[in-house]
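Listing of model_20.pdb, PDB, N, CA and C atoms, pLDDT in the B column
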ATOM      1  N   MET A 432       0.824  -1.191   0.000  1.00 52.00           N
ATOM      2  CA  MET A 432       0.000   0.000   0.000  1.00 52.00           C
ATOM      3  C   MET A 432       0.872   1.260   0.000  1.00 52.00           C
ATOM      4  N   ALA A 433       1.877   1.283   0.845  1.00 54.00           N
ATOM      5  CA  ALA A 433       2.738   2.462   0.912  1.00 54.00           C
ATOM      6  C   ALA A 433       3.501   2.653  -0.394  1.00 54.00           C
ATOM      7  N   ALA A 434       3.914   1.554  -1.020  1.00 53.00           N
ATOM      8  CA  ALA A 434       4.645   1.659  -2.282  1.00 53.00           C
ATOM      9  C   ALA A 434       3.745   2.237  -3.371  1.00 53.00           C
ATOM     10  N   ALA A 435       2.485   1.850  -3.371  1.00 53.00           N
ATOM     11  CA  ALA A 435       1.549   2.376  -4.366  1.00 53.00           C
ATOM     12  C   ALA A 435       1.339   3.870  -4.154  1.00 53.00           C
ATOM     13  N   GLN A 436       1.215   4.298  -2.905  1.00 54.00           N
ATOM     14  CA  GLN A 436       1.053   5.736  -2.627  1.00 54.00           C
ATOM     15  C   GLN A 436       2.305   6.504  -3.044  1.00 54.00           C
ATOM     16  N   ARG A 437       3.466   5.945  -2.763  1.00 54.00           N
ATOM     17  CA  ARG A 437       4.713   6.602  -3.131  1.00 54.00           C
ATOM     18  C   ARG A 437       4.817   6.703  -4.659  1.00 54.00           C
ATOM     19  N   GLU A 438       4.400   5.658  -5.368  1.00 52.00           N
ATOM     20  CA  GLU A 438       4.442   5.661  -6.824  1.00 52.00           C
ATOM     21  C   GLU A 438       3.492   6.715  -7.380  1.00 52.00           C
ATOM     22  N   ASP A 439       2.305   6.830  -6.796  1.00 51.00           N
ATOM     23  CA  ASP A 439       1.359   7.848  -7.237  1.00 51.00           C
ATOM     24  C   ASP A 439       1.920   9.242  -6.987  1.00 51.00           C
ATOM     25  N   ALA A 440       2.550   9.422  -5.859  1.00 52.00           N
ATOM     26  CA  ALA A 440       3.124  10.727  -5.534  1.00 52.00           C
ATOM     27  C   ALA A 440       4.248  11.073  -6.510  1.00 52.00           C
ATOM     28  N   THR A 441       5.034  10.094  -6.899  1.00 52.00           N
ATOM     29  CA  THR A 441       6.116  10.331  -7.849  1.00 52.00           C
ATOM     30  C   THR A 441       5.559  10.720  -9.205  1.00 52.00           C
ATOM     31  N   ILE A 442       4.531  10.039  -9.628  1.00 53.00           N
ATOM     32  CA  ILE A 442       3.935  10.346 -10.928  1.00 53.00           C
ATOM     33  C   ILE A 442       3.340  11.748 -10.917  1.00 53.00           C
ATOM     34  N   SER A 443       2.671  12.137  -9.836  1.00 53.00           N
ATOM     35  CA  SER A 443       2.076  13.473  -9.794  1.00 53.00           C
ATOM     36  C   SER A 443       3.140  14.549  -9.615  1.00 53.00           C
ATOM     37  N   TRP A 444       4.306  14.194  -9.073  1.00 51.00           N
ATOM     38  CA  TRP A 444       5.373  15.178  -8.864  1.00 51.00           C
ATOM     39  C   TRP A 444       6.162  15.424 -10.150  1.00 51.00           C
ATOM     40  N   ALA A 445       6.264  14.409 -11.004  1.00 51.00           N
ATOM     41  CA  ALA A 445       7.106  14.495 -12.195  1.00 51.00           C
ATOM     42  C   ALA A 445       6.750  15.667 -13.116  1.00 51.00           C
ATOM     43  N   PRO A 446       5.493  15.910 -13.444  1.00 54.00           N
ATOM     44  CA  PRO A 446       5.216  17.041 -14.346  1.00 54.00           C
ATOM     45  C   PRO A 446       5.598  18.387 -13.740  1.00 54.00           C
ATOM     46  N   ARG A 447       5.414  18.543 -12.432  1.00 56.00           N
ATOM     47  CA  ARG A 447       5.781  19.813 -11.802  1.00 56.00           C
ATOM     48  C   ARG A 447       7.284  20.022 -11.868  1.00 56.00           C
ATOM     49  N   PHE A 448       8.039  18.953 -11.670  1.00 56.00           N
ATOM     50  CA  PHE A 448       9.488  19.064 -11.741  1.00 56.00           C
ATOM     51  C   PHE A 448       9.916  19.459 -13.148  1.00 56.00           C
ATOM     52  N   GLY A 449       9.254  18.930 -14.150  1.00 62.00           N
ATOM     53  CA  GLY A 449       9.565  19.270 -15.527  1.00 62.00           C
ATOM     54  C   GLY A 449       9.329  20.743 -15.805  1.00 62.00           C
ATOM     55  N   ARG A 450       8.262  21.315 -15.259  1.00 74.00           N
ATOM     56  CA  ARG A 450       7.982  22.733 -15.464  1.00 74.00           C
ATOM     57  C   ARG A 450       9.057  23.599 -14.812  1.00 74.00           C
ATOM     58  N   VAL A 451       9.494  23.213 -13.632  1.00 75.00           N
ATOM     59  CA  VAL A 451      10.545  23.973 -12.953  1.00 75.00           C
ATOM     60  C   VAL A 451      11.828  23.893 -13.767  1.00 75.00           C
ATOM     61  N   GLU A 452      12.136  22.728 -14.277  1.00 82.00           N
ATOM     62  CA  GLU A 452      13.336  22.550 -15.081  1.00 82.00           C
ATOM     63  C   GLU A 452      13.257  23.407 -16.347  1.00 82.00           C
ATOM     64  N   ASN A 453      12.093  23.477 -16.962  1.00 85.00           N
ATOM     65  CA  ASN A 453      11.929  24.301 -18.159  1.00 85.00           C
ATOM     66  C   ASN A 453      12.111  25.780 -17.833  1.00 85.00           C
ATOM     67  N   ARG A 454      11.625  26.212 -16.685  1.00 87.00           N
ATOM     68  CA  ARG A 454      11.779  27.614 -16.294  1.00 87.00           C
ATOM     69  C   ARG A 454      13.254  27.954 -16.076  1.00 87.00           C
ATOM     70  N   VAL A 455      13.962  27.062 -15.414  1.00 88.00           N
ATOM     71  CA  VAL A 455      15.386  27.289 -15.173  1.00 88.00           C
ATOM     72  C   VAL A 455      16.128  27.337 -16.496  1.00 88.00           C
ATOM     73  N   MET A 456      15.775  26.451 -17.401  1.00 90.00           N
ATOM     74  CA  MET A 456      16.421  26.438 -18.711  1.00 90.00           C
ATOM     75  C   MET A 456      16.110  27.726 -19.475  1.00 90.00           C
ATOM     76  N   MET A 457      14.857  28.185 -19.408  1.00 92.00           N
ATOM     77  CA  MET A 457      14.480  29.408 -20.098  1.00 92.00           C
ATOM     78  C   MET A 457      15.222  30.615 -19.521  1.00 92.00           C
ATOM     79  N   ILE A 458      15.335  30.686 -18.214  1.00 93.00           N
ATOM     80  CA  ILE A 458      16.058  31.789 -17.574  1.00 93.00           C
ATOM     81  C   ILE A 458      17.526  31.755 -17.981  1.00 93.00           C
ATOM     82  N   THR A 459      18.110  30.566 -18.022  1.00 94.00           N
ATOM     83  CA  THR A 459      19.515  30.434 -18.414  1.00 94.00           C
ATOM     84  C   THR A 459      19.725  30.866 -19.853  1.00 94.00           C
ATOM     85  N   ILE A 460      18.841  30.460 -20.741  1.00 95.00           N
ATOM     86  CA  ILE A 460      18.958  30.841 -22.153  1.00 95.00           C
ATOM     87  C   ILE A 460      18.771  32.343 -22.314  1.00 95.00           C
ATOM     88  N   LEU A 461      17.814  32.920 -21.612  1.00 96.00           N
ATOM     89  CA  LEU A 461      17.613  34.365 -21.689  1.00 96.00           C
ATOM     90  C   LEU A 461      18.821  35.127 -21.157  1.00 96.00           C
ATOM     91  N   ALA A 462      19.397  34.654 -20.076  1.00 96.00           N
ATOM     92  CA  ALA A 462      20.591  35.308 -19.525  1.00 96.00           C
ATOM     93  C   ALA A 462      21.757  35.221 -20.511  1.00 96.00           C
ATOM     94  N   ALA A 463      21.919  34.080 -21.146  1.00 97.00           N
ATOM     95  CA  ALA A 463      22.988  33.933 -22.136  1.00 97.00           C
ATOM     96  C   ALA A 463      22.751  34.843 -23.336  1.00 97.00           C
ATOM     97  N   ALA A 464      21.510  34.926 -23.787  1.00 97.00           N
ATOM     98  CA  ALA A 464      21.188  35.796 -24.923  1.00 97.00           C
ATOM     99  C   ALA A 464      21.432  37.261 -24.568  1.00 97.00           C
ATOM    100  N   MET A 465      21.045  37.672 -23.378  1.00 98.00           N
ATOM    101  CA  MET A 465      21.276  39.053 -22.956  1.00 98.00           C
ATOM    102  C   MET A 465      22.767  39.342 -22.854  1.00 98.00           C
ATOM    103  N   THR A 466      23.539  38.388 -22.374  1.00 98.00           N
ATOM    104  CA  THR A 466      24.984  38.576 -22.270  1.00 98.00           C
ATOM    105  C   THR A 466      25.603  38.754 -23.650  1.00 98.00           C
ATOM    106  N   ILE A 467      25.195  37.928 -24.590  1.00 98.00           N
ATOM    107  CA  ILE A 467      25.723  38.029 -25.955  1.00 98.00           C
ATOM    108  C   ILE A 467      25.331  39.369 -26.570  1.00 98.00           C
ATOM    109  N   LEU A 468      24.079  39.783 -26.380  1.00 98.00           N
ATOM    110  CA  LEU A 468      23.642  41.070 -26.933  1.00 98.00           C
ATOM    111  C   LEU A 468      24.397  42.237 -26.304  1.00 98.00           C
ATOM    112  N   MET A 469      24.668  42.165 -25.017  1.00 98.00           N
ATOM    113  CA  MET A 469      25.425  43.237 -24.372  1.00 98.00           C
ATOM    114  C   MET A 469      26.867  43.276 -24.884  1.00 98.00           C
ATOM    115  N   LEU A 470      27.461  42.130 -25.134  1.00 98.00           N
ATOM    116  CA  LEU A 470      28.810  42.101 -25.703  1.00 98.00           C
ATOM    117  C   LEU A 470      28.823  42.709 -27.108  1.00 98.00           C
ATOM    118  N   ILE A 471      27.811  42.400 -27.907  1.00 98.00           N
ATOM    119  CA  ILE A 471      27.718  42.991 -29.244  1.00 98.00           C
ATOM    120  C   ILE A 471      27.528  44.491 -29.152  1.00 98.00           C
ATOM    121  N   ALA A 472      26.645  44.938 -28.251  1.00 98.00           N
ATOM    122  CA  ALA A 472      26.416  46.375 -28.087  1.00 98.00           C
ATOM    123  C   ALA A 472      27.684  47.090 -27.625  1.00 98.00           C
ATOM    124  N   THR A 473      28.446  46.462 -26.752  1.00 98.00           N
ATOM    125  CA  THR A 473      29.708  47.047 -26.294  1.00 98.00           C
ATOM    126  C   THR A 473      30.700  47.161 -27.443  1.00 98.00           C
ATOM    127  N   ALA A 474      30.791  46.125 -28.244  1.00 98.00           N
ATOM    128  CA  ALA A 474      31.704  46.148 -29.393  1.00 98.00           C
ATOM    129  C   ALA A 474      31.307  47.245 -30.380  1.00 98.00           C
ATOM    130  N   VAL A 475      30.018  47.398 -30.633  1.00 97.00           N
ATOM    131  CA  VAL A 475      29.552  48.448 -31.544  1.00 97.00           C
ATOM    132  C   VAL A 475      29.863  49.820 -30.960  1.00 97.00           C
ATOM    133  N   GLY A 476      29.648  50.004 -29.673  1.00 97.00           N
ATOM    134  CA  GLY A 476      29.938  51.284 -29.029  1.00 97.00           C
ATOM    135  C   GLY A 476      31.414  51.634 -29.071  1.00 97.00           C
ATOM    136  N   VAL A 477      32.268  50.655 -28.832  1.00 97.00           N
ATOM    137  CA  VAL A 477      33.714  50.897 -28.880  1.00 97.00           C
ATOM    138  C   VAL A 477      34.132  51.242 -30.304  1.00 97.00           C
ATOM    139  N   HIS A 478      33.561  50.563 -31.272  1.00 96.00           N
ATOM    140  CA  HIS A 478      33.887  50.841 -32.670  1.00 96.00           C
ATOM    141  C   HIS A 478      33.453  52.263 -33.054  1.00 96.00           C
ATOM    142  N   GLN A 479      32.270  52.655 -32.658  1.00 96.00           N
ATOM    143  CA  GLN A 479      31.790  54.011 -32.971  1.00 96.00           C
ATOM    144  C   GLN A 479      32.654  55.069 -32.302  1.00 96.00           C
ATOM    145  N   GLU A 480      33.050  54.834 -31.083  1.00 95.00           N
ATOM    146  CA  GLU A 480      33.898  55.792 -30.372  1.00 95.00           C
ATOM    147  C   GLU A 480      35.263  55.908 -31.047  1.00 95.00           C
ATOM    148  N   ALA A 481      35.823  54.783 -31.443  1.00 94.00           N
ATOM    149  CA  ALA A 481      37.115  54.806 -32.127  1.00 94.00           C
ATOM    150  C   ALA A 481      36.998  55.539 -33.462  1.00 94.00           C
ATOM    151  N   GLU A 482      35.913  55.337 -34.178  1.00 93.00           N
ATOM    152  CA  GLU A 482      35.706  56.034 -35.454  1.00 93.00           C
ATOM    153  C   GLU A 482      35.575  57.538 -35.231  1.00 93.00           C
ATOM    154  N   ARG A 483      34.882  57.920 -34.173  1.00 92.00           N
ATOM    155  CA  ARG A 483      34.723  59.348 -33.866  1.00 92.00           C
ATOM    156  C   ARG A 483      36.078  59.988 -33.565  1.00 92.00           C
ATOM    157  N   VAL A 484      36.913  59.295 -32.806  1.00 90.00           N
ATOM    158  CA  VAL A 484      38.240  59.812 -32.478  1.00 90.00           C
ATOM    159  C   VAL A 484      39.101  59.897 -33.733  1.00 90.00           C
ATOM    160  N   ARG A 485      39.027  58.883 -34.610  1.00 89.00           N
ATOM    161  CA  ARG A 485      39.790  58.903 -35.859  1.00 89.00           C
ATOM    162  C   ARG A 485      39.388  60.091 -36.725  1.00 89.00           C
ATOM    163  N   LEU A 486      38.094  60.339 -36.837  1.00 86.00           N
ATOM    164  CA  LEU A 486      37.631  61.467 -37.654  1.00 86.00           C
ATOM    165  C   LEU A 486      38.080  62.800 -37.063  1.00 86.00           C
ATOM    166  N   LYS A 487      38.066  62.902 -35.739  1.00 84.00           N
ATOM    167  CA  LYS A 487      38.496  64.136 -35.088  1.00 84.00           C
ATOM    168  C   LYS A 487      39.990  64.370 -35.345  1.00 84.00           C
ATOM    169  N   ASP A 488      40.801  63.336 -35.211  1.00 80.00           N
ATOM    170  CA  ASP A 488      42.238  63.457 -35.481  1.00 80.00           C
ATOM    171  C   ASP A 488      42.496  63.832 -36.930  1.00 80.00           C
ATOM    172  N   ARG A 489      41.745  63.235 -37.841  1.00 79.00           N
ATOM    173  CA  ARG A 489      41.926  63.519 -39.263  1.00 79.00           C
ATOM    174  C   ARG A 489      41.573  64.974 -39.566  1.00 79.00           C
ATOM    175  N   SER A 490      40.496  65.486 -38.963  1.00 78.00           N
ATOM    176  CA  SER A 490      40.114  66.880 -39.218  1.00 78.00           C
ATOM    177  C   SER A 490      41.110  67.852 -38.579  1.00 78.00           C
ATOM    178  N   ASP A 491      41.682  67.463 -37.441  1.00 72.00           N
ATOM    179  CA  ASP A 491      42.705  68.309 -36.806  1.00 72.00           C
ATOM    180  C   ASP A 491      43.951  68.418 -37.688  1.00 72.00           C
ATOM    181  N   ARG A 492      44.354  67.319 -38.334  1.00 71.00           N
ATOM    182  CA  ARG A 492      45.524  67.330 -39.196  1.00 71.00           C
ATOM    183  C   ARG A 492      45.279  68.147 -40.458  1.00 71.00           C
ATOM    184  N   SER A 493      44.037  68.164 -40.938  1.00 70.00           N
ATOM    185  CA  SER A 493      43.772  68.855 -42.202  1.00 70.00           C
ATOM    186  C   SER A 493      43.795  70.369 -42.046  1.00 70.00           C
ATOM    187  N   GLN A 494      43.768  70.860 -40.812  1.00 70.00           N
ATOM    188  CA  GLN A 494      43.762  72.312 -40.600  1.00 70.00           C
ATOM    189  C   GLN A 494      45.185  72.892 -40.595  1.00 70.00           C
ATOM    190  N   GLY A 495      46.171  72.088 -40.691  1.00 67.00           N
ATOM    191  CA  GLY A 495      47.549  72.579 -40.716  1.00 67.00           C
ATOM    192  C   GLY A 495      48.040  72.929 -39.331  1.00 67.00           C
ATOM    193  N   PHE A 496      49.021  73.850 -39.277  1.00 68.00           N
ATOM    194  CA  PHE A 496      49.638  74.203 -37.982  1.00 68.00           C
ATOM    195  C   PHE A 496      48.800  75.207 -37.216  1.00 68.00           C
ATOM    196  N   GLY A 497      48.072  76.055 -37.914  1.00 63.00           N
ATOM    197  CA  GLY A 497      47.332  77.115 -37.232  1.00 63.00           C
ATOM    198  C   GLY A 497      46.107  76.613 -36.506  1.00 63.00           C
ATOM    199  N   GLY A 498      45.197  76.073 -37.256  1.00 55.00           N
ATOM    200  CA  GLY A 498      43.981  75.573 -36.644  1.00 55.00           C
ATOM    201  C   GLY A 498      43.068  76.655 -36.118  1.00 55.00           C
ATOM    202  N   TYR A 499      43.290  77.910 -36.578  1.00 57.00           N
ATOM    203  CA  TYR A 499      42.465  79.012 -36.073  1.00 57.00           C
ATOM    204  C   TYR A 499      41.402  79.385 -37.059  1.00 57.00           C
TER
END
Please express the file's structure as structure tokens.
Amino acid sequence: MAAAQREDATISWAPRFGRVENRVMMITILAAAMTILMLIATAVGVHQEAERVRLKDRSDRSQGFGGY
């Protein structure tokens, strides 16, 4: 009798455990996706900043020695 009750409890517990596992997996995947997107955004920002500095240096050189 006790084994049958334990078996029933295991069967009713299994779907709930699966849902928790799916939630953890979804949170992990979302965290990984956000991390990748933040790395891409950082790379784009660094590239834009470097381009801005390059353009500023180039315009400074084109003005010659005076720059006035």
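The space separating atom N of Leu486 of chain A from atom CA of Ile467 of chain A comes to 27.7 Å.
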For a test of reading the model, state the distance in Å between atom CA of Val455 of chain A and atom CA of Ala474 of chain A, rounded to one decimal. 28.7 Å
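With atom N of Arg489 of chain A on one side and atom C of Gly476 of chain A on the other, the separation reads 17.8 Å.
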Write out as lines of an AutoDock Vina configuration file an axis-aligned box for segment 452-459 of chain A: all of its atoms listed in the file, 5 Å added on each side, centre and edge lengths in Å with one decimal.
center_x = 15.7
center_y = 27.2
center_z = -17.2
size_x = 18.1
size_y = 19.2
size_z = 15.8
